[in-house]
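Engineer: My questions all concern the structure below.
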Amino acid sequence: MDVLKRLKLFQKIRAEIGDPQMVYDGITMQLNTAGRKYLGMDVLFVEFSFVNPRYILLLIIMSSFLYADVEAAALAEDIGGFSYNIAVLGFGLQGFAKFDAYVYHKKSMSELLWSASRFLGENKGNDRLNPLLVDNVSVIVMIKRFYFKLYGLVFVTVSTFGMITSLINRERSLSFGFQFSFIDTSQLVAFTFTYCYQVICSMMVVISSCCNDILIGAVYVNAMTMYDCIMSDLRELSKMSEMEQTPVNKRMAEDRMKSIIQQHQQLMQFLDRANEVYSSYFLMSLASMTGTIAVLLTALVFVRWYPAIVICFAASFQIFSLSLLGTLLLIKGEELVEQVYDINWYNLDLKVQKSVKLLLLMSQHYKEISFRFGVMNMETYVKSNKMIYSFFTMLVTTKE
């Protein structure tokens with residue numbers, strides 16, 4: 001995070017933010033509106049019904065996409081054709097995992113996003129904490145802009161590749177390998193239908209992935225800011241310990257300590273809810289993207305399918321960003337423990353000393369980003385890359 005804060009772009013964005021809560025709410029509403037408009041999904045308002053034409057159309061397109069992908073892979077004659085035809089199957093599987101987070105756990109997801117907004121609203125009036133909140137929202141804005149550009153590049157690449165290849169080779173060429181076996185794409189009408197179908201599938205995947213990745217970033221960046229606010233309050237408590245121990249000062253220290261413990265409990269509840277919502281998605285995302293990258297590399301090597309370069313980067317960055325967020329969250333937890341240790345507790349009232357001891361015990365139980373069978377961190381990212389290499393080597397060996 002400190003690296004981002006030194007960037008000129010960060011400083012420019014930060015200077016433009018007056019009300020961090022309003023900016024955060026604007027981002028979540030923008031993503032929610034896109035989800036409603038294109039996917040028939042709403043994650044902010046619990047009363048929204050998924051029984052609507054857009055959501056039903058999304059389910060039909062996603063199901064037919066998986067069918068076409070698997071069917072085309074089954075009909076492939078060699079490992080190169082197999083890799084080309086099934087290259088983006090992982091994104092389809094990952095798409096169904098999003099239903100667990102945004103449909104099955106819709107209520108928890110809504111509470112998660114609104115609780116982050118309430119946190120910003122409750123603390124934005126505090127002159128000491130407001131700069132931390134502005135930094136937090138500035139990072140979220142940067143994440144949003146980055147993902148808009150990344151997924152915009154992915155969509156433009158995959159949607160125009162077939163068209164560009166067709167013009168260069170002077171023969172009809174699709175952007176992807178998946179297609180329906182009962183449709184003869186040698187005919188112009190059938191080719192046009194299949195091409196448009198592939199573009200629509202790409203748009204659905206890109207929109208859902210972009211909105212999802214931004215929301216995940218916003219959730220865990222907010223969690224790290226909650227850590228920062230707690231540590232800021234602990235530093236204030238440490239300053240209070242150096243003041244004269246009058247009844248008024250003792251009362252102020254007690255109130256501050258109660259507030260800190262309450263904030264920590266709210267943070268732990270926030271992270272528990274985030275893991276409840278996302279753990280299944282993280283598991284499927286890690287598994288599907290690891291396999292997808294290996295298959296994409298195989299398609300790039302044997303079929304010269306160049307969009308694989310851009311898609312590989314997006315898939316790899318998904319795993320990297322989740323792993324990085326997990327590592328940064330762990331670091332914040334360790335920093336909190338150090339901050340508790342640094343308090344001049346021996347100058348505080350006995351009642352507050354006991355509360356400090358309780359906080360120390362509580363803070364040593366870190367909450368990490370869970371994917372059911374493990375946690376997301378940079379070690380996980382390294383392991384996933386080793387698995388990608390092993391899987392890719394196996395596919396290449398099969399070809400030989």
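Starting from 1 in every chain, residues are counted up; chains themselves are A, B, ... following the order of the structure tokens, and ligands are numbered from 1 as listed.
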As a VMD selection string, please: the residues near Ser108 in chain A (cut-off 12 Å, only C-alpha atoms, same-chain neighbours under 2 positions excluded).
Structural biologist: chain A and resid 43 to 46 100 to 106 110 to 115 269 to 278
Engineer: Determine, counting only C-alpha atoms, which protein, DNA and RNA residues have an atom within 9 Å of an atom of range 313-329 of chain A; residues of the same chain fewer than 2 positions away are not included. Present the result as a PyMOL selection string.
Structural biologist: chain A and resi 1+91+150-151+154+213+216-217+220-221+223-224+227+282+285-286+289-290+292-293+308-311+331-334+366-370+375-381+384-385
Engineer: Find the spatial neighbours of Lys250 in chain A, counting only C-alpha atoms, within a cut-off of 12 Å - ignore same-chain residues fewer than 4 positions away - and output them as a PyMOL selection string.
Structural biologist: chain A and resi 237+240-246+254-257+347-353
Engineer: Include N, CA, C and O atoms and write out the residues we just selected as an mmCIF file, in the first residue's frame.
Structural biologist:
data_model
loop_
_atom_site.group_PDB
_atom_site.id
_atom_site.type_symbol
_atom_site.label_atom_id
_atom_site.label_comp_id
_atom_site.auth_asym_id
_atom_site.auth_seq_id
_atom_site.Cartn_x
_atom_site.Cartn_y
_atom_site.Cartn_z
ATOM 1 N N LEU A 237 -4.334 6.016 22.851
ATOM 2 C CA LEU A 237 -4.400 5.463 24.201
ATOM 3 C C LEU A 237 -3.031 5.505 24.872
ATOM 4 O O LEU A 237 -2.910 5.783 26.069
ATOM 5 N N MET A 240 -2.431 8.844 26.159
ATOM 6 C CA MET A 240 -3.205 9.075 27.380
ATOM 7 C C MET A 240 -2.497 8.511 28.605
ATOM 8 O O MET A 240 -2.622 9.040 29.714
ATOM 9 N N SER A 241 -1.750 7.410 28.388
ATOM 10 C CA SER A 241 -1.057 6.788 29.526
ATOM 11 C C SER A 241 0.028 7.689 30.088
ATOM 12 O O SER A 241 0.453 7.526 31.238
ATOM 13 N N GLU A 242 0.487 8.647 29.289
ATOM 14 C CA GLU A 242 1.536 9.561 29.725
ATOM 15 C C GLU A 242 0.970 10.800 30.411
ATOM 16 O O GLU A 242 1.708 11.615 30.946
ATOM 17 N N MET A 243 -0.369 10.923 30.358
ATOM 18 C CA MET A 243 -1.014 12.074 30.991
ATOM 19 C C MET A 243 -1.202 11.825 32.491
ATOM 20 O O MET A 243 -1.116 10.688 32.966
ATOM 21 N N GLU A 244 -1.471 12.865 33.208
ATOM 22 C CA GLU A 244 -1.732 12.743 34.644
ATOM 23 C C GLU A 244 -2.983 11.905 34.880
ATOM 24 O O GLU A 244 -4.006 12.105 34.212
ATOM 25 N N GLN A 245 -2.912 10.937 35.761
ATOM 26 C CA GLN A 245 -4.009 10.001 35.986
ATOM 27 C C GLN A 245 -5.096 10.587 36.883
ATOM 28 O O GLN A 245 -5.314 10.163 38.020
ATOM 29 N N THR A 246 -5.784 11.582 36.339
ATOM 30 C CA THR A 246 -6.936 12.165 37.022
ATOM 31 C C THR A 246 -8.165 11.306 36.733
ATOM 32 O O THR A 246 -8.167 10.509 35.783
ATOM 33 N N GLU A 254 -10.603 4.554 29.702
ATOM 34 C CA GLU A 254 -11.527 3.407 29.734
ATOM 35 C C GLU A 254 -12.443 3.413 28.516
ATOM 36 O O GLU A 254 -12.649 2.381 27.876
ATOM 37 N N ASP A 255 -12.993 4.584 28.211
ATOM 38 C CA ASP A 255 -13.895 4.696 27.057
ATOM 39 C C ASP A 255 -13.163 4.382 25.757
ATOM 40 O O ASP A 255 -13.710 3.718 24.873
ATOM 41 N N ARG A 256 -11.934 4.868 25.646
ATOM 42 C CA ARG A 256 -11.156 4.599 24.425
ATOM 43 C C ARG A 256 -10.864 3.107 24.293
ATOM 44 O O ARG A 256 -10.954 2.530 23.208
ATOM 45 N N MET A 257 -10.547 2.454 25.420
ATOM 46 C CA MET A 257 -10.239 1.031 25.389
ATOM 47 C C MET A 257 -11.485 0.211 25.014
ATOM 48 O O MET A 257 -11.404 -0.746 24.235
ATOM 49 N N ASN A 347 1.352 2.392 32.819
ATOM 50 C CA ASN A 347 0.927 3.699 33.302
ATOM 51 C C ASN A 347 -0.587 3.835 33.372
ATOM 52 O O ASN A 347 -1.098 4.857 33.837
ATOM 53 N N LEU A 348 -1.288 2.823 32.864
ATOM 54 C CA LEU A 348 -2.742 2.892 32.798
ATOM 55 C C LEU A 348 -3.385 2.337 34.065
ATOM 56 O O LEU A 348 -2.746 1.612 34.833
ATOM 57 N N ASP A 349 -4.647 2.652 34.222
ATOM 58 C CA ASP A 349 -5.417 2.140 35.351
ATOM 59 C C ASP A 349 -5.525 0.625 35.264
ATOM 60 O O ASP A 349 -5.474 0.038 34.169
ATOM 61 N N LEU A 350 -5.668 -0.052 36.393
ATOM 62 C CA LEU A 350 -5.708 -1.518 36.435
ATOM 63 C C LEU A 350 -6.800 -2.089 35.535
ATOM 64 O O LEU A 350 -6.584 -3.091 34.835
ATOM 65 N N LYS A 351 -7.960 -1.458 35.547
ATOM 66 C CA LYS A 351 -9.072 -1.938 34.718
ATOM 67 C C LYS A 351 -8.714 -1.884 33.237
ATOM 68 O O LYS A 351 -9.018 -2.814 32.472
ATOM 69 N N VAL A 352 -8.048 -0.822 32.824
ATOM 70 C CA VAL A 352 -7.639 -0.684 31.421
ATOM 71 C C VAL A 352 -6.525 -1.677 31.096
ATOM 72 O O VAL A 352 -6.478 -2.234 30.001
ATOM 73 N N GLN A 353 -5.640 -1.928 32.041
ATOM 74 C CA GLN A 353 -4.568 -2.911 31.831
ATOM 75 C C GLN A 353 -5.148 -4.292 31.518
ATOM 76 O O GLN A 353 -4.649 -4.999 30.649
#
Engineer: Out of A:Leu39, A:Met142, A:Met268, A:Leu395, which residue has the shortest atom-to-atom distance to Ile61 in chain A when counting only C-alpha atoms?
Structural biologist: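 Between A:Leu39, A:Met142, A:Met268, A:Leu395, the residue approaching Ile61 in chain A most closely is A:Leu39.
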Engineer: Suppose you want the space between CA of Ala76 in chain A and CA of Ile207 in chain A; what is it in Å?
Structural biologist: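 A separation of 29.3 Å between them.
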Engineer: Hey, which bits of range 145-175 of chain A sit within 12 Å of range 180-198 of chain A, and for each residue what's the closest pair of atoms and how far apart in Å (one decimal), counting only C-alpha atoms, rows by chain and increasing number, as CSV?
Structural biologist:
residue,atom,partner,partner_atom,distance
A:Phe155,CA,A:Gln198,CA,10.9
A:Val158,CA,A:Gln198,CA,9.1
A:Ser159,CA,A:Gln198,CA,7.8
A:Thr160,CA,A:Tyr195,CA,10.0
A:Phe161,CA,A:Tyr195,CA,10.8
A:Gly162,CA,A:Tyr195,CA,8.1
A:Met163,CA,A:Tyr195,CA,9.1
A:Ser166,CA,A:Phe191,CA,11.6
A:Glu171,CA,A:Ser186,CA,9.7
A:Arg172,CA,A:Ser186,CA,7.7
A:Ser173,CA,A:Phe191,CA,8.6
A:Leu174,CA,A:Tyr195,CA,6.1
A:Ser175,CA,A:Tyr195,CA,7.3
Engineer: Atoms to include: all heavy atoms. Write the selected residues as a compact mmCIF listing (two decimals), in the first residue's frame.
Structural biologist:
# COMPACT_ATOMS: atom_id res chain seq x y z
N PHE A 155 -11.64 -7.84 -23.25
CA PHE A 155 -12.84 -7.93 -24.10
C PHE A 155 -12.53 -7.50 -25.54
O PHE A 155 -12.95 -8.17 -26.49
CB PHE A 155 -13.96 -7.06 -23.53
CG PHE A 155 -15.20 -7.08 -24.37
CD1 PHE A 155 -16.00 -8.22 -24.43
CD2 PHE A 155 -15.58 -5.97 -25.10
CE1 PHE A 155 -17.14 -8.26 -25.22
CE2 PHE A 155 -16.71 -5.99 -25.89
CZ PHE A 155 -17.49 -7.14 -25.94
N VAL A 158 -10.38 -10.36 -27.28
CA VAL A 158 -11.06 -11.61 -27.65
C VAL A 158 -12.20 -11.38 -28.62
O VAL A 158 -12.53 -12.25 -29.44
CB VAL A 158 -11.57 -12.34 -26.40
CG1 VAL A 158 -10.41 -12.70 -25.48
CG2 VAL A 158 -12.61 -11.52 -25.64
N SER A 159 -12.85 -10.20 -28.56
CA SER A 159 -13.99 -9.96 -29.45
C SER A 159 -13.57 -9.57 -30.86
O SER A 159 -14.35 -9.75 -31.81
CB SER A 159 -14.89 -8.87 -28.86
OG SER A 159 -14.19 -7.64 -28.74
N THR A 160 -12.36 -9.06 -31.01
CA THR A 160 -11.91 -8.64 -32.35
C THR A 160 -10.91 -9.60 -32.97
O THR A 160 -10.62 -9.48 -34.17
CB THR A 160 -11.27 -7.24 -32.28
OG1 THR A 160 -10.14 -7.27 -31.40
CG2 THR A 160 -12.27 -6.22 -31.78
N PHE A 161 -10.38 -10.55 -32.19
CA PHE A 161 -9.33 -11.42 -32.73
C PHE A 161 -9.82 -12.21 -33.93
O PHE A 161 -9.12 -12.32 -34.95
CB PHE A 161 -8.85 -12.38 -31.64
CG PHE A 161 -7.78 -13.32 -32.12
CD1 PHE A 161 -6.48 -12.88 -32.32
CD2 PHE A 161 -8.06 -14.67 -32.37
CE1 PHE A 161 -5.49 -13.74 -32.77
CE2 PHE A 161 -7.08 -15.53 -32.81
CZ PHE A 161 -5.79 -15.08 -33.02
N GLY A 162 -11.01 -12.80 -33.84
CA GLY A 162 -11.55 -13.57 -34.96
C GLY A 162 -11.74 -12.72 -36.19
O GLY A 162 -11.45 -13.16 -37.31
N MET A 163 -12.22 -11.51 -36.01
CA MET A 163 -12.44 -10.60 -37.13
C MET A 163 -11.13 -10.23 -37.80
O MET A 163 -11.01 -10.25 -39.04
CB MET A 163 -13.15 -9.34 -36.62
CG MET A 163 -13.65 -8.41 -37.71
SD MET A 163 -14.37 -6.91 -36.98
CE MET A 163 -15.60 -7.62 -35.89
N SER A 166 -9.72 -13.22 -39.63
CA SER A 166 -10.48 -13.46 -40.86
C SER A 166 -10.03 -12.53 -41.97
O SER A 166 -9.91 -12.94 -43.14
CB SER A 166 -11.98 -13.27 -40.59
OG SER A 166 -12.45 -14.18 -39.63
N GLU A 171 -10.32 -15.89 -44.68
CA GLU A 171 -11.26 -16.98 -44.43
C GLU A 171 -11.86 -16.80 -43.05
O GLU A 171 -11.25 -16.23 -42.16
CB GLU A 171 -10.56 -18.34 -44.53
CG GLU A 171 -9.44 -18.53 -43.53
CD GLU A 171 -8.86 -19.93 -43.63
OE1 GLU A 171 -9.63 -20.89 -43.79
OE2 GLU A 171 -7.63 -20.05 -43.56
N ARG A 172 -13.09 -17.27 -42.89
CA ARG A 172 -13.81 -17.05 -41.65
C ARG A 172 -13.10 -17.72 -40.47
O ARG A 172 -12.75 -18.89 -40.55
CB ARG A 172 -15.24 -17.56 -41.75
CG ARG A 172 -16.05 -16.83 -42.83
CD ARG A 172 -17.50 -17.24 -42.76
NE ARG A 172 -18.22 -16.70 -43.90
CZ ARG A 172 -18.71 -17.40 -44.90
NH1 ARG A 172 -18.57 -18.72 -44.90
NH2 ARG A 172 -19.36 -16.83 -45.89
N SER A 173 -12.93 -16.96 -39.41
CA SER A 173 -12.26 -17.48 -38.22
C SER A 173 -12.96 -16.95 -36.98
O SER A 173 -13.24 -15.75 -36.88
CB SER A 173 -10.79 -17.06 -38.22
OG SER A 173 -10.14 -17.49 -37.06
N LEU A 174 -13.25 -17.85 -36.04
CA LEU A 174 -13.89 -17.47 -34.78
C LEU A 174 -12.84 -17.03 -33.76
O LEU A 174 -11.67 -17.38 -33.87
CB LEU A 174 -14.70 -18.64 -34.23
CG LEU A 174 -15.90 -19.09 -35.07
CD1 LEU A 174 -16.44 -20.42 -34.56
CD2 LEU A 174 -16.99 -18.04 -35.07
N SER A 175 -13.29 -16.29 -32.74
CA SER A 175 -12.37 -15.84 -31.71
C SER A 175 -11.99 -16.96 -30.75
O SER A 175 -10.89 -16.99 -30.20
CB SER A 175 -12.99 -14.68 -30.90
OG SER A 175 -13.07 -13.53 -31.70
Engineer: Let's see if you can do this: from backbone DSSP, list all alpha helix (DSSP H) residues in range 87-253 of chain A, as JSON, numbers by chain.
Structural biologist: {"A": [89, 90, 91, 92, 93, 94, 95, 96, 97, 98, 99, 106, 107, 108, 109, 110, 111, 112, 113, 114, 115, 116, 117, 118, 119, 120, 121, 122, 123, 130, 131, 132, 133, 134, 135, 136, 137, 138, 139, 140, 141, 142, 143, 144, 145, 146, 147, 148, 149, 150, 151, 152, 153, 154, 155, 156, 157, 158, 159, 160, 161, 162, 163, 164, 165, 166, 167, 168, 169, 188, 189, 190, 191, 192, 193, 194, 195, 196, 197, 198, 199, 200, 201, 202, 203, 204, 205, 206, 207, 208, 209, 210, 211, 212, 213, 214, 215, 216, 217, 218, 219, 220, 221, 222, 223, 224, 225, 226, 227, 228, 229, 230, 231, 232, 233, 234, 235, 236, 237, 238, 239, 240, 241, 247, 248, 249, 250, 251, 252, 253]}
Engineer: What is the distance between CA of Ala72 in chain A and CA of Asn85 in chain A, in Å to one decimal?
Structural biologist: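 Rounded to one decimal, the two atoms are 5.7 Å apart.
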Engineer: Which residue out of A:Phe371, A:Tyr24, A:Phe99, A:Phe176 has the minimum interatomic distance to Leu215 in chain A when only C-alpha atoms are used?
Structural biologist: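 Comparing A:Phe371, A:Tyr24, A:Phe99, A:Phe176 against Leu215 in chain A, the winner is A:Tyr24.
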Engineer: Which residues, written as a PyMOL selection string, have at least one atom at most 12 Å from Asn130 in chain A, with only C-alpha atoms counted and residues fewer than 6 positions away on the same chain left out?
Structural biologist: chain A and resi 14+17-21+119-124+136-137+225-226+228-229+232
Engineer: Would you please work out which residue, of A:Ser83, A:Thr33, A:Gln263, A:Asn212, is nearest to Ala299 in chain A when using only C-alpha atoms?
Structural biologist: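 Using only C-alpha atoms, Ala299 in chain A sits closest to A:Ser83.
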Engineer: Could you check the closest approach to Cys201 in chain A for each of A:Asp69, A:Glu338, A:Glu77, A:Glu47 and tell me which residue wins, using only C-alpha atoms?
Structural biologist: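 Selected residue with least distance to Cys201 in chain A: A:Asp69.
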Engineer: A:Leu75, A:Ile261, A:Leu31, A:Leu59: which is nearest Phe96 in chain A, counting only C-alpha atoms?
Structural biologist: A:Leu59
Engineer: Report as a PyMOL selection string all protein, DNA and RNA residues lying within 9 Å of Val396 in chain A, evaluated on only C-alpha atoms, omitting residues in the same chain fewer than 4 positions from it.
Structural biologist: chain A and resi 79-80+298+301-302+391-392+400
Engineer: Rank A:Tyr389, A:Tyr147, A:Trp345, A:Phe82 by their smallest atom-to-atom distance to Phe178 in chain A, using only C-alpha atoms, and report the top residue only.
Structural biologist: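 The answer is A:Phe82, which sits nearest to Phe178 in chain A.
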Engineer: I'd like the contact shell of Ser363 in chain A - 9 Å cut-off, only C-alpha atoms, skipping same-chain residues fewer than 3 positions apart - returned as number ranges by chain.
Structural biologist: A: 264, 333-334, 336-337, 340, 358-360, 366
